[in-house]
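Below: protein.txt (compact mmCIF, C-alpha atoms and all ligand atoms)
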```
# COMPACT_ATOMS: atom_id res chain seq x y z
CA ALA L 1 -40.91 -13.58 49.14
CA ASP L 2 -43.39 -15.09 46.69
CA SER L 3 -41.02 -15.85 43.84
CA VAL L 4 -41.85 -19.49 43.12
CA PRO L 5 -43.48 -19.65 39.67
CA GLU L 6 -47.05 -20.91 39.70
CA GLU L 7 -46.38 -24.00 37.55
CA LYS L 8 -43.65 -25.24 39.87
CA PHE L 9 -46.01 -25.16 42.84
CA SER L 10 -45.71 -28.41 44.72
CA LEU L 11 -47.34 -29.28 47.98
CA LYS L 12 -44.10 -30.85 49.09
CA GLU L 13 -42.49 -27.45 49.63
CA VAL L 14 -45.49 -26.36 51.62
CA LEU L 15 -45.53 -29.31 53.94
CA ILE L 16 -41.78 -29.08 54.41
CA THR L 17 -42.27 -25.51 55.68
CA PHE L 18 -43.63 -26.98 58.90
CA GLN L 19 -40.24 -28.62 59.40
CA SER L 20 -38.56 -25.21 59.42
CA CYS L 21 -40.95 -24.02 62.17
CA LEU L 22 -39.04 -25.79 64.88
CA THR L 23 -36.04 -24.18 66.52
CA ASP L 24 -33.31 -26.19 68.24
CA ASN L 25 -34.91 -25.58 71.63
CA GLN L 26 -38.34 -26.71 70.45
CA GLU L 27 -39.89 -23.31 69.96
CA ILE L 28 -42.10 -22.54 66.97
CA LEU L 29 -41.21 -19.76 64.55
CA THR L 30 -44.22 -17.60 63.75
CA ASP L 31 -43.04 -16.65 60.24
CA SER L 32 -42.56 -20.24 59.11
CA TYR L 33 -45.87 -21.28 60.66
CA VAL L 34 -47.69 -18.51 58.84
CA ASN L 35 -45.85 -19.28 55.59
CA GLY L 36 -46.96 -22.89 55.85
CA TRP L 37 -50.58 -21.72 55.98
CA ARG L 38 -50.02 -19.32 53.14
CA GLY L 39 -48.90 -22.20 50.94
CA LEU L 40 -51.86 -24.34 52.00
CA VAL L 41 -54.27 -21.55 51.15
CA ARG L 42 -52.66 -21.25 47.73
CA PHE L 43 -53.20 -24.94 47.22
CA MET L 44 -56.79 -24.69 48.38
CA ASN L 45 -57.45 -21.82 45.97
CA SER L 46 -56.32 -24.05 43.11
CA LEU L 47 -59.13 -26.46 44.04
CA GLY L 48 -61.84 -24.00 43.09
CA SER L 49 -63.83 -20.98 44.24
CA ILE L 50 -66.23 -23.04 46.34
CA PHE L 51 -63.52 -22.97 49.02
CA SER L 52 -63.11 -19.20 48.93
CA PHE L 53 -65.15 -18.60 52.11
CA ILE L 54 -62.62 -20.81 53.88
CA SER L 55 -59.56 -19.22 52.31
CA LYS L 56 -60.91 -15.74 53.04
CA ASP L 57 -60.99 -16.51 56.75
CA ALA L 58 -57.58 -18.17 56.62
CA VAL L 59 -56.07 -15.20 54.75
CA ASN L 60 -57.62 -12.84 57.26
CA LYS L 61 -56.00 -14.71 60.14
CA ILE L 62 -52.67 -14.92 58.34
CA GLN L 63 -52.84 -11.16 57.81
CA ILE L 64 -53.52 -10.50 61.50
CA MET L 65 -50.41 -12.49 62.41
CA VAL L 66 -48.30 -10.68 59.77
CA THR L 67 -49.50 -7.32 61.14
CA HIS L 68 -48.41 -8.32 64.65
CA ARG L 69 -45.06 -9.44 63.28
CA ASN L 70 -44.56 -6.18 61.34
CA GLY L 71 -45.69 -4.00 64.24
CA GLU L 72 -43.71 -2.03 66.76
CA ASN L 73 -43.41 -5.09 68.99
CA GLY L 74 -42.86 -7.51 66.13
CA ASP L 75 -39.83 -9.11 67.76
CA LYS L 76 -42.09 -10.25 70.64
CA TYR L 77 -43.92 -12.35 68.07
CA GLU L 78 -40.88 -14.18 66.76
CA THR L 79 -41.97 -17.49 68.27
CA LEU L 80 -45.34 -18.69 69.53
CA GLN L 81 -43.76 -19.03 72.96
CA SER L 82 -42.58 -15.41 73.05
CA MET L 83 -45.97 -14.25 71.70
CA VAL L 84 -47.90 -16.01 74.47
CA LYS L 85 -45.61 -14.59 77.13
CA TYR L 86 -45.71 -11.06 75.72
CA GLU L 87 -49.47 -10.91 75.22
CA LEU L 88 -50.29 -12.45 78.61
CA ASP L 89 -47.77 -10.31 80.51
CA ASN L 90 -49.24 -7.19 78.95
CA ASN L 91 -52.92 -8.09 79.21
CA LEU L 92 -53.34 -8.18 75.46
CA VAL L 93 -55.63 -11.22 75.37
CA ASP L 94 -59.41 -11.31 75.90
CA LEU L 95 -59.80 -14.32 78.17
CA GLN L 96 -63.57 -14.38 78.85
CA ARG L 97 -65.24 -12.71 75.89
CA ARG L 98 -64.12 -10.78 72.87
CA ALA L 99 -63.64 -7.18 73.93
CA GLU L 100 -60.63 -4.87 73.66
CA HIS L 101 -58.38 -7.39 71.94
CA PRO L 102 -60.48 -9.21 69.36
CA GLU L 103 -57.41 -9.77 67.19
CA SER L 104 -54.86 -10.97 69.72
CA GLY L 105 -52.14 -13.18 68.34
CA CYS L 106 -53.09 -15.87 70.87
CA ARG L 107 -56.76 -16.21 69.83
CA THR L 108 -55.97 -15.86 66.12
CA LEU L 109 -53.28 -18.49 66.17
CA LEU L 110 -55.53 -20.81 68.17
CA ARG L 111 -57.88 -20.95 65.15
CA LEU L 112 -55.01 -21.94 62.87
CA HIS L 113 -53.80 -24.42 65.47
CA ARG L 114 -57.19 -26.14 65.51
CA ALA L 115 -57.12 -26.24 61.72
CA LEU L 116 -53.68 -27.84 61.87
CA ARG L 117 -55.25 -30.75 63.74
CA TRP L 118 -57.69 -31.13 60.87
CA LEU L 119 -54.77 -31.12 58.44
CA GLU L 120 -52.91 -33.74 60.46
CA LEU L 121 -55.94 -36.05 60.49
CA PHE L 122 -56.72 -35.49 56.82
CA LEU L 123 -53.14 -36.09 55.66
CA GLU L 124 -52.92 -39.29 57.68
CA LYS L 125 -56.13 -40.52 56.06
CA LEU L 126 -54.80 -39.62 52.61
CA ARG L 127 -51.52 -41.35 53.33
CA THR L 128 -53.16 -44.63 54.33
CA SER L 129 -55.98 -44.46 51.78
CA THR L 130 -56.54 -46.89 48.91
CA GLU L 131 -57.70 -46.38 45.35
CA GLY L 132 -61.38 -46.55 46.25
CA SER L 133 -61.18 -44.09 49.16
CA LYS L 134 -63.17 -40.88 48.78
CA THR L 135 -61.41 -37.60 49.56
CA SER L 136 -64.69 -35.95 50.54
CA VAL L 137 -65.34 -38.65 53.16
CA MET L 138 -61.78 -38.50 54.50
CA CYS L 139 -61.96 -34.72 54.68
CA THR L 140 -65.36 -34.73 56.40
CA ASP L 141 -64.29 -37.35 58.94
CA ALA L 142 -61.13 -35.39 59.74
CA TYR L 143 -63.19 -32.23 60.10
CA ASN L 144 -65.81 -33.83 62.34
CA ASP L 145 -63.05 -35.14 64.62
CA SER L 146 -61.40 -31.74 64.97
CA LEU L 147 -62.53 -28.30 63.81
CA ALA L 148 -66.25 -29.04 63.66
CA GLN L 149 -66.48 -29.01 67.47
CA HIS L 150 -65.50 -25.35 67.39
CA HIS L 151 -67.78 -24.25 64.58
CA ALA L 152 -71.38 -23.07 64.57
CA TRP L 153 -73.97 -25.18 62.77
CA ILE L 154 -74.11 -22.95 59.70
CA ILE L 155 -70.35 -23.11 59.17
CA ARG L 156 -70.33 -26.88 59.64
CA LYS L 157 -73.05 -27.11 57.02
CA ALA L 158 -71.21 -24.90 54.52
CA ALA L 159 -67.89 -26.68 55.11
CA THR L 160 -69.39 -30.14 54.70
CA MET L 161 -71.08 -29.07 51.48
CA ALA L 162 -67.81 -27.65 50.11
CA PHE L 163 -65.96 -30.89 50.91
CA CYS L 164 -68.28 -32.72 48.51
CA ALA L 165 -66.73 -30.67 45.70
CA LEU L 166 -63.24 -32.03 46.38
CA PRO L 167 -61.70 -33.85 43.43
CA GLY L 168 -61.37 -37.62 43.67
CA ARG L 169 -58.26 -39.20 45.12
CA ALA L 170 -56.36 -39.56 41.83
CA ALA L 171 -57.07 -36.00 40.68
CA PHE L 172 -56.34 -34.68 44.15
CA PHE L 173 -52.93 -36.40 44.23
CA HIS L 174 -52.24 -35.02 40.78
CA THR L 175 -53.02 -31.46 41.91
CA MET L 176 -50.52 -31.86 44.71
CA ASN L 177 -47.87 -31.99 41.98
CA VAL L 178 -45.59 -34.35 43.88
CA GLY L 179 -45.42 -37.24 41.40
CA SER L 180 -46.74 -40.79 41.50
CA THR L 181 -49.05 -42.09 44.21
CA GLU L 182 -46.03 -43.80 45.80
CA GLN L 183 -44.19 -40.49 45.87
CA VAL L 184 -47.19 -38.75 47.41
CA VAL L 185 -47.45 -41.39 50.12
CA ALA L 186 -43.71 -41.16 50.81
CA MET L 187 -43.83 -37.37 50.95
CA LEU L 188 -46.76 -37.45 53.37
CA GLY L 189 -44.90 -39.94 55.55
CA GLU L 190 -41.95 -37.58 55.60
CA ALA L 191 -43.92 -34.42 56.40
CA MET L 192 -46.38 -35.85 58.95
CA PRO L 193 -43.98 -36.12 61.93
CA PHE L 194 -43.15 -32.42 61.70
CA ILE L 195 -46.76 -31.36 61.45
CA SER L 196 -47.61 -33.57 64.44
CA LYS L 197 -44.67 -32.19 66.40
CA VAL L 198 -45.64 -28.58 65.71
CA TYR L 199 -49.23 -29.37 66.70
CA GLU L 200 -48.18 -31.11 69.91
CA ILE L 201 -45.86 -28.34 71.08
CA THR L 202 -48.46 -25.65 70.41
CA GLU L 203 -51.17 -27.68 72.14
CA GLU L 204 -48.94 -28.09 75.21
CA LEU L 205 -48.06 -24.38 75.23
CA TYR L 206 -51.73 -23.36 75.08
CA LYS L 207 -52.71 -25.94 77.68
CA GLN L 208 -50.06 -24.76 80.13
CA HIS L 209 -51.40 -21.23 79.94
CA ASN L 210 -55.04 -22.23 79.87
CA LEU L 211 -55.60 -20.72 76.44
CA LEU L 212 -57.31 -23.57 74.62
CA GLU L 213 -60.79 -22.03 74.81
CA LEU L 214 -59.99 -18.40 73.97
CA PRO L 215 -63.08 -16.61 72.66
C1 LIG A 1 -59.17 -28.90 50.85
C2 LIG A 1 -60.31 -28.58 51.71
C3 LIG A 1 -60.00 -27.53 52.64
C4 LIG A 1 -60.68 -27.76 53.90
C5 LIG A 1 -60.35 -26.81 54.97
C6 LIG A 1 -60.86 -27.30 56.28
C7 LIG A 1 -61.27 -26.23 57.17
C8 LIG A 1 -62.71 -25.91 57.10
C9 LIG A 1 -63.00 -24.68 57.84
C10 LIG A 1 -64.26 -24.03 57.43
C11 LIG A 1 -64.56 -22.76 58.16
C12 LIG A 1 -64.17 -21.49 57.47
C13 LIG A 1 -65.09 -20.35 57.72
C14 LIG A 1 -64.77 -19.49 58.90
C15 LIG A 1 -64.64 -20.00 60.12
C16 LIG A 1 -64.35 -19.18 61.33
O1 LIG A 1 -65.53 -18.88 61.99
C17 LIG A 1 -63.41 -19.97 62.21
C18 LIG A 1 -63.27 -19.40 63.60
O2 LIG A 1 -62.72 -18.14 63.55
P1 LIG A 1 -63.42 -16.96 64.39
O3 LIG A 1 -62.57 -15.74 64.13
O4 LIG A 1 -64.83 -16.82 63.86
O5 LIG A 1 -63.40 -17.39 65.83
N1 LIG A 1 -62.14 -20.04 61.57
C19 LIG A 1 -61.40 -21.18 61.56
O6 LIG A 1 -61.74 -22.17 62.12
C20 LIG A 1 -60.08 -21.13 60.80
C21 LIG A 1 -60.17 -22.02 59.62
C22 LIG A 1 -58.90 -21.99 58.87
C23 LIG A 1 -58.95 -22.96 57.75
C24 LIG A 1 -57.69 -22.97 57.00
C25 LIG A 1 -57.75 -23.84 55.84
C26 LIG A 1 -56.55 -23.66 55.01
C27 LIG A 1 -56.49 -24.51 53.86
C28 LIG A 1 -56.09 -25.66 53.78
C29 LIG A 1 -56.08 -26.44 52.57
C30 LIG A 1 -55.34 -27.57 52.77
C31 LIG A 1 -55.44 -28.58 51.75
C32 LIG A 1 -54.50 -29.56 52.16
C33 LIG A 1 -54.50 -30.70 51.37
C34 LIG A 1 -53.33 -31.43 51.68
C35 LIG A 1 -53.22 -32.52 50.81
C36 LIG A 1 -52.00 -33.23 51.04
```
Translate the structure described by the file into structure tokens.
Ligand code: 1Q0
Amino acid sequence: ADSVPEEKFSLKEVLITFQSCLTDNQEILTDSYVNGWRGLVRFMNSLGSIFSFISKDAVNKIQIMVTHRNGENGDKYETLQSMVKYELDNNLVDLQRRAEHPESGCRTLLRLHRALRWLELFLEKLRTSTEGSKTSVMCTDAYNDSLAQHHAWIIRKAATMAFCALPGRAAFFHTMNVGSTEQVVAMLGEAMPFISKVYEITEELYKQHNLLELP
């Protein structure tokens, strides 16, 4: 599946993946969702090894989802909606504390879902930023308004320190390999609605089933 040559890597393809997550009846395809994260992790790895403690965790969660998908009941994991139904109906989710099912699809995906909120906030800041804006500040603000609430102090500290190593806005846009600043801004404007939509639908699904605080 990973046949795109390294030098052609563009963040545009990654962000467009989130568009292909949505089915006609507003369900979210697990494979596309996971592929979107895979591409983001690849991009993050190109930013330097200081982010490897983050990508390690992300890769671990991606792998858990792939294992569910490749398992005996893989078809039950085709969409996030079918996954939630299957795992809840069969008591495969630890609801109070981590116990028999520490790697349920529901709790694993919740971590990626929370990170998607960070991505949404960060991309919107990048899109509306100006030449003097600092990526590290935008990234930290986005993090504090989303993921940080769910992280222990030590992780918040490590994450905030890593963000300081982000390249400046111009270099960051260059690494995205999308083209001029105008093209980056246009691409972000195009991709954002899909990311927001995927986030919203997942949030609603988790809220309906009372899964937003899974341990
Ligand atoms: C470019 C900078 C990347 C910033 C990524 C922000 C996320 C910071 C998260 C730091 C925490 C990672 C360490 C482990 C945390 C876990 O404890 C936590 C909870 O899991 P658990 O099992 O302990 O309950 N895990 C998480 O919260 C999941 C974190 C997943 C992070 C996935 C990040 C993927 C990479 C994204 C790079 C995107 C760059 C996009 C730039 C776009 C530019 C247009």
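Computed from the coordinates, the CA of Thr140 in chain L to CA of Phe53 in chain L distance equals 16.7 Å.
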Closest atom pairs, residues of chain L within 8 Å of ligand LIG 1 (chain A), only C-alpha atoms and all ligand atoms, as CSV:
```
residue,atom,partner,partner_atom,distance
L:Leu11,CA,A:LIG1,C36,6.8
L:Trp37,CA,A:LIG1,C26,6.4
L:Leu40,CA,A:LIG1,C29,4.7
L:Val41,CA,A:LIG1,C27,4.6
L:Arg42,CA,A:LIG1,C29,7.9
L:Phe43,CA,A:LIG1,C31,6.2
L:Met44,CA,A:LIG1,C29,4.6
L:Leu47,CA,A:LIG1,C1,7.2
L:Phe51,CA,A:LIG1,C3,6.8
L:Phe53,CA,A:LIG1,C13,5.9
L:Ile54,CA,A:LIG1,C12,4.0
L:Ser55,CA,A:LIG1,C26,6.0
L:Lys56,CA,A:LIG1,C13,7.8
L:Asp57,CA,A:LIG1,C14,5.3
L:Ala58,CA,A:LIG1,C22,4.6
L:Lys61,CA,A:LIG1,C20,7.6
L:Arg107,CA,A:LIG1,O5,7.8
L:Thr108,CA,A:LIG1,O3,6.9
L:Arg111,CA,A:LIG1,C20,4.9
L:Leu112,CA,A:LIG1,C20,5.5
L:Arg114,CA,A:LIG1,O6,6.9
L:Ala115,CA,A:LIG1,C22,5.4
L:Leu116,CA,A:LIG1,C24,8.0
L:Trp118,CA,A:LIG1,C6,6.8
L:Leu119,CA,A:LIG1,C32,6.5
L:Phe122,CA,A:LIG1,C34,7.4
L:Leu123,CA,A:LIG1,C36,5.6
L:Leu126,CA,A:LIG1,C36,7.2
L:Cys139,CA,A:LIG1,C2,7.0
L:Tyr143,CA,A:LIG1,C6,6.7
L:Leu147,CA,A:LIG1,O6,6.4
L:Ala148,CA,A:LIG1,C9,8.0
L:His150,CA,A:LIG1,O6,7.2
L:His151,CA,A:LIG1,O1,6.4
L:Ala152,CA,A:LIG1,O1,7.6
L:Ile155,CA,A:LIG1,C11,5.9
L:Arg156,CA,A:LIG1,C10,7.1
L:Ala158,CA,A:LIG1,C10,7.6
L:Ala159,CA,A:LIG1,C10,5.1
L:Ala162,CA,A:LIG1,C2,7.7
L:Phe163,CA,A:LIG1,C2,6.2
L:Leu166,CA,A:LIG1,C1,6.8
L:Phe172,CA,A:LIG1,C35,7.7
L:Phe173,CA,A:LIG1,C36,7.6
L:Met176,CA,A:LIG1,C36,6.6
L:Leu188,CA,A:LIG1,C36,7.1
L:Pro215,CA,A:LIG1,O5,6.9
```
Distance of CA of Asp31 in chain L from CA of Asn70 in chain L, expressed in Å to one decimal place: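 Computed distance, CA of Asn70 in chain L to CA of Asp31 in chain L, equals 10.6 Å.
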Which of L:Leu95, L:Glu72, L:Val185, L:Glu203 sits closest to Lys125 in chain L [using all atoms listed in the file]: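 The answer is L:Val185, which sits nearest to Lys125 in chain L.
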Among listed residues L:Asp75, L:Glu131, L:Glu204, L:Glu124, nearest Ala186 in chain L (using all atoms listed in the file):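 Under the stated criterion, the closest residue is L:Glu124.
Taking CA of Ile28 in chain L and CA of Thr67 in chain L as the two end points, the separation is 17.9 Å.
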Once 3 Å is added on each side, what are the centre and the three edge lengths, in Å to one decimal, of the axis-aligned box enclosing the listed atoms of range 37-41 of chain L? Present them as AutoDock Vina command-line options.
```
--center_x -51.6 --center_y -21.8 --center_z 53.5 --size_x 11.4 --size_y 11.0 --size_z 11.0
```
Residue contacts of Thr202 in chain L (12 Å, all atoms listed in the file) excluding same-chain residues fewer than 5 positions away, as a ChimeraX atom specification: /L:21-22,26-30,33,79-81,83-84,106,109-114,116-117,195-197,207-209,211-212
Option closest in space to Ala191 in chain L, from L:Asp89, L:Val59, L:Arg127, L:Tyr206 [counting all atoms listed in the file]: L:Arg127
Which of L:Ser146, L:Glu78, L:Gly48, L:Arg98 sits closest to Thr23 in chain L [using only C-alpha atoms]: L:Glu78
Nearest-residue call for Thr175 in chain L, choices L:Ile154, L:Phe9, L:Asn73, L:Asn35, using all atoms listed in the file: L:Phe9
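Between Ala170 in chain L and the candidates L:Gln63, L:Ser32, L:Asn45, L:Ser129, the tightest atom-to-atom separation, counting only C-alpha atoms, involves L:Ser129.
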Expected residue set, 6 Å radius at (-45.8, -12.1, 65.9), only C-alpha atoms, as a list in words: Met65, His68, Arg69, Gly74, Tyr77 and Glu78 of chain L
